[in-house]
Amino acid sequence: MNPAQPDPAVTASVVICVYTDKRWFDIVAAVESVAAQDVAAAETIVVVDHNDALLERASRTFGPRGVRVLPSVHRQGLSGARNTAVEAATGEIIVFLDDDAAARPGWLRALLTPYADPAVIGVGGIAHPRWPERRPVMLPGYAPDNRDATGELDWVVGCTYTGQPTTAAEMRNLMGCNMSLRAEVFKRVGGFAEDIGRIGKNPLGCEETELCIRATQAYKKDGRPARILFEPRAAVDHRVSEDRVHWEYLRRRSWAEGLSKAAVAGLVGSDDALSTERGYVTGVLPKGVLRELLRRRPKGAAAIVCCLGWTAAGYLRGRLPGATAHVRLPASNAGA
């Protein structure tokens with residue numbers, strides 16, 4: 001260990017939510033990547049989302065290693081599983097790692113170090129896609145053969161995308177596969193909204209965006225500083241499965257993103273819900289289309305245009321009366 005880098009003065013509960021044994025080898029890799037960090041977590045929690053067979057297998061495999069394996073006690077879906085972990089966690093910081101992501105060396109230290117600033121309420125890192133073969137044409141990027149390079153549409157597969165910061169910076173919201181929040185945030189504003197989280201392969205999402213915006217709004221209302229940081233040294237490798245590198249998935253994911261953004265806008269207001277997206281749509285995407293056309297990659301340009309169109313259509317559909325009226329916020333524990 002480098003003596004110039006003392007251990008962060010906070011404790012961390014690392015959470016991995018799982019739902020299918022089809023990702024078993026990914027789950028094992030995720031758990032092992034946490035154990036290999038140069039900073040030890042106070043605990044690692046694996047939450048199994050309504051799958052008894054997987055719960056038994058995970059308990060048998062990870063229990064002897066000191067990992068806490070818990071069944072989700074909330075509604076089926078990623079948000080419910082995360083809320084189960086939040087309620088059980090003992091660490092000052094709750095860190096979330098996807099079940100198909102493996103943390104790189106130094107990941108946990110990089111996430112925890114910024115919490116020396118009491119104004120920091122959340123820290124997230126970078127997620128590098130690991131493609132089945134090579135970058136697909138429908139998810140274009142400026143350097144297709146560079147494994148760590150980003151693309152404009154990489155958010156479709158849950159990874160860092162072109163337009164996000166490349167150095168340490170403040171940001172509006174964290175990315176779910178590699179993020180951390182102070183435990184006190186959940187006590188202050190409640191947990192993840194279970195009406196908009198993923199359920200199995202259902203590509204609805206944006207629950208992390210909504211939570212981060214809700215937290216920032218609440219802290220500002222109380223007159224308390226609240227900083228959410230992007231720290232690129234906290235890096236993970238996020239496996240992209242074969243079913244996510246096809247045009248049909250791009251269409252479904254884009255439509256679902258639009259619906260999800262509409263739901264978030266209804267909860268926290270469209271100004272905050274779309275603050276980052278406006279610059280992305282007007283600045284990042286046109287440059288990507290132009291690059292693809294100049295490099296004679298019309299399919300890449302078409303993918304960006306189609307993705308934007310499907311997302312916009314989903315958003316408009318979601319803003320129709322009653323379309324997302326079912327979405328509710330979890331209760332705050334601030335008075336507890």
# chains A, B, ... in the order shown; residues from 1 in each chain; ligands from 1
>>> residues_around(residues="Arg68 in chain A", least_positions_apart="5", cutoff="9 Å", atoms="only C-alpha atoms", output="NGL selection string")
:A and (43-47 or 59 or 62-63)
>>> residues_around(residues="Val284 in chain A", least_positions_apart="5", cutoff="9 Å", atoms="only C-alpha atoms", output="PDB file with all heavy atoms, in the first residue's frame")
ATOM      1  N   GLU A 152     -21.125   7.841 -28.066  1.00  0.00           N
ATOM      2  CA  GLU A 152     -22.241   8.712 -27.708  1.00  0.00           C
ATOM      3  C   GLU A 152     -23.421   7.942 -27.107  1.00  0.00           C
ATOM      4  O   GLU A 152     -24.176   8.484 -26.296  1.00  0.00           O
ATOM      5  CB  GLU A 152     -22.723   9.480 -28.942  1.00  0.00           C
ATOM      6  CG  GLU A 152     -21.792  10.564 -29.420  1.00  0.00           C
ATOM      7  CD  GLU A 152     -20.603  10.038 -30.219  1.00  0.00           C
ATOM      8  OE1 GLU A 152     -20.614   8.827 -30.568  1.00  0.00           O
ATOM      9  OE2 GLU A 152     -19.678  10.816 -30.503  1.00  0.00           O
ATOM     10  N   THR A 162     -19.771   9.322 -24.268  1.00  0.00           N
ATOM     11  CA  THR A 162     -19.173  10.570 -24.726  1.00  0.00           C
ATOM     12  C   THR A 162     -20.082  11.738 -24.352  1.00  0.00           C
ATOM     13  O   THR A 162     -21.281  11.716 -24.623  1.00  0.00           O
ATOM     14  CB  THR A 162     -18.972  10.537 -26.249  1.00  0.00           C
ATOM     15  OG1 THR A 162     -18.148   9.426 -26.585  1.00  0.00           O
ATOM     16  CG2 THR A 162     -18.329  11.824 -26.740  1.00  0.00           C
ATOM     17  N   GLY A 163     -19.494  12.730 -23.733  1.00  0.00           N
ATOM     18  CA  GLY A 163     -20.265  13.864 -23.237  1.00  0.00           C
ATOM     19  C   GLY A 163     -20.199  13.964 -21.729  1.00  0.00           C
ATOM     20  O   GLY A 163     -20.427  15.041 -21.165  1.00  0.00           O
ATOM     21  N   GLY A 279     -27.776  19.720 -23.179  1.00  0.00           N
ATOM     22  CA  GLY A 279     -26.452  19.898 -23.776  1.00  0.00           C
ATOM     23  C   GLY A 279     -26.014  18.685 -24.570  1.00  0.00           C
ATOM     24  O   GLY A 279     -25.341  18.814 -25.601  1.00  0.00           O
ATOM     25  N   VAL A 289     -22.901  12.450 -35.142  1.00  0.00           N
ATOM     26  CA  VAL A 289     -23.477  12.198 -36.472  1.00  0.00           C
ATOM     27  C   VAL A 289     -22.523  12.679 -37.559  1.00  0.00           C
ATOM     28  O   VAL A 289     -22.263  11.960 -38.542  1.00  0.00           O
ATOM     29  CB  VAL A 289     -24.847  12.891 -36.611  1.00  0.00           C
ATOM     30  CG1 VAL A 289     -25.335  12.824 -38.057  1.00  0.00           C
ATOM     31  CG2 VAL A 289     -25.868  12.248 -35.681  1.00  0.00           C
TER      32      VAL A 289
END
>>> residues_around(residues="range 270-276 of chain A", least_positions_apart="6", cutoff="8 Å", atoms="only C-alpha atoms", output="list in words")
Arg172, Thr209, Glu210, Ile213, Lys261 and Val264 of chain A
>>> write_last_selection(atoms="N, CA, C and O atoms", output="CSV table (one decimal), in the first residue's frame")
chain,number,residue,atom,x,y,z
A,172,ARG,N,-24.6,16.0,-12.2
A,172,ARG,CA,-26.0,16.0,-11.6
A,172,ARG,C,-26.3,14.6,-11.0
A,172,ARG,O,-27.0,14.6,-9.9
A,209,THR,N,-30.9,8.6,-11.4
A,209,THR,CA,-31.0,10.0,-11.7
A,209,THR,C,-32.0,10.7,-10.8
A,209,THR,O,-31.7,11.7,-10.2
A,210,GLU,N,-33.2,10.1,-10.7
A,210,GLU,CA,-34.2,10.6,-9.8
A,210,GLU,C,-33.8,10.8,-8.4
A,210,GLU,O,-34.0,11.8,-7.8
A,213,ILE,N,-31.2,13.7,-8.0
A,213,ILE,CA,-31.8,15.0,-8.1
A,213,ILE,C,-32.6,15.3,-6.9
A,213,ILE,O,-32.6,16.4,-6.3
A,261,LYS,N,-37.4,9.1,-18.3
A,261,LYS,CA,-37.2,10.5,-18.1
A,261,LYS,C,-38.5,11.3,-17.9
A,261,LYS,O,-38.5,12.2,-17.1
A,264,VAL,N,-39.4,10.7,-14.3
A,264,VAL,CA,-38.5,11.5,-13.5
A,264,VAL,C,-38.9,13.0,-13.5
A,264,VAL,O,-39.0,13.7,-12.5
>>> residues_around(residues="Tyr315 in chain A", least_positions_apart="5", cutoff="9 Å", atoms="only C-alpha atoms", output="list of chain:residue names")
A:Trp255, A:Ala256, A:Glu257, A:Gly258, A:Leu259, A:Ser260, A:Lys261, A:Ala262, A:Ala263, A:Trp310, A:Leu320
>>> closest_residue(among="A:Ala85, A:Val18, A:Leu139, A:Leu112", to="Ala40 in chain A", atoms="only C-alpha atoms")
A:Leu112
>>> closest_residue(among="A:Gly91, A:Gly125, A:Gly314, A:Gly223", to="Ala183 in chain A", atoms="only C-alpha atoms")
A:Gly91
>>> select_by_dssp(residues="range 19-196 of chain A", states="helix (DSSP H, G or I)", output="PyMOL selection string")
chain A and resi 21-35+52-65+78-88+107-116+154-157+183-189
>>> select_by_dssp(residues="range 67-253 of chain A", states="strand (DSSP E or B)", output="ChimeraX atom specification")
/A:68-71,93-97,101-103,120-130,141,151,162,164,169-170,178-182,199,202,227-239
>>> residues_around(residues="Asn178 in chain A", least_positions_apart="4", cutoff="10 Å", atoms="only C-alpha atoms", output="count of residues only")
23
>>> atom_distance(atom1="CA of Leu290 in chain A", atom2="CA of Arg135 in chain A")
18.7 Å
>>> residues_around(residues="Ala143 in chain A", least_positions_apart="2", cutoff="12 Å", atoms="only C-alpha atoms", output="list of chain:residue names")
A:Arg134, A:Arg135, A:Pro136, A:Val137, A:Leu139, A:Pro140, A:Gly141, A:Asp145, A:Asn146, A:Arg147, A:Asp148, A:Ala149, A:Thr150, A:Gly151, A:Glu152, A:Thr162, A:Gly288, A:Arg291, A:Glu292, A:Arg295
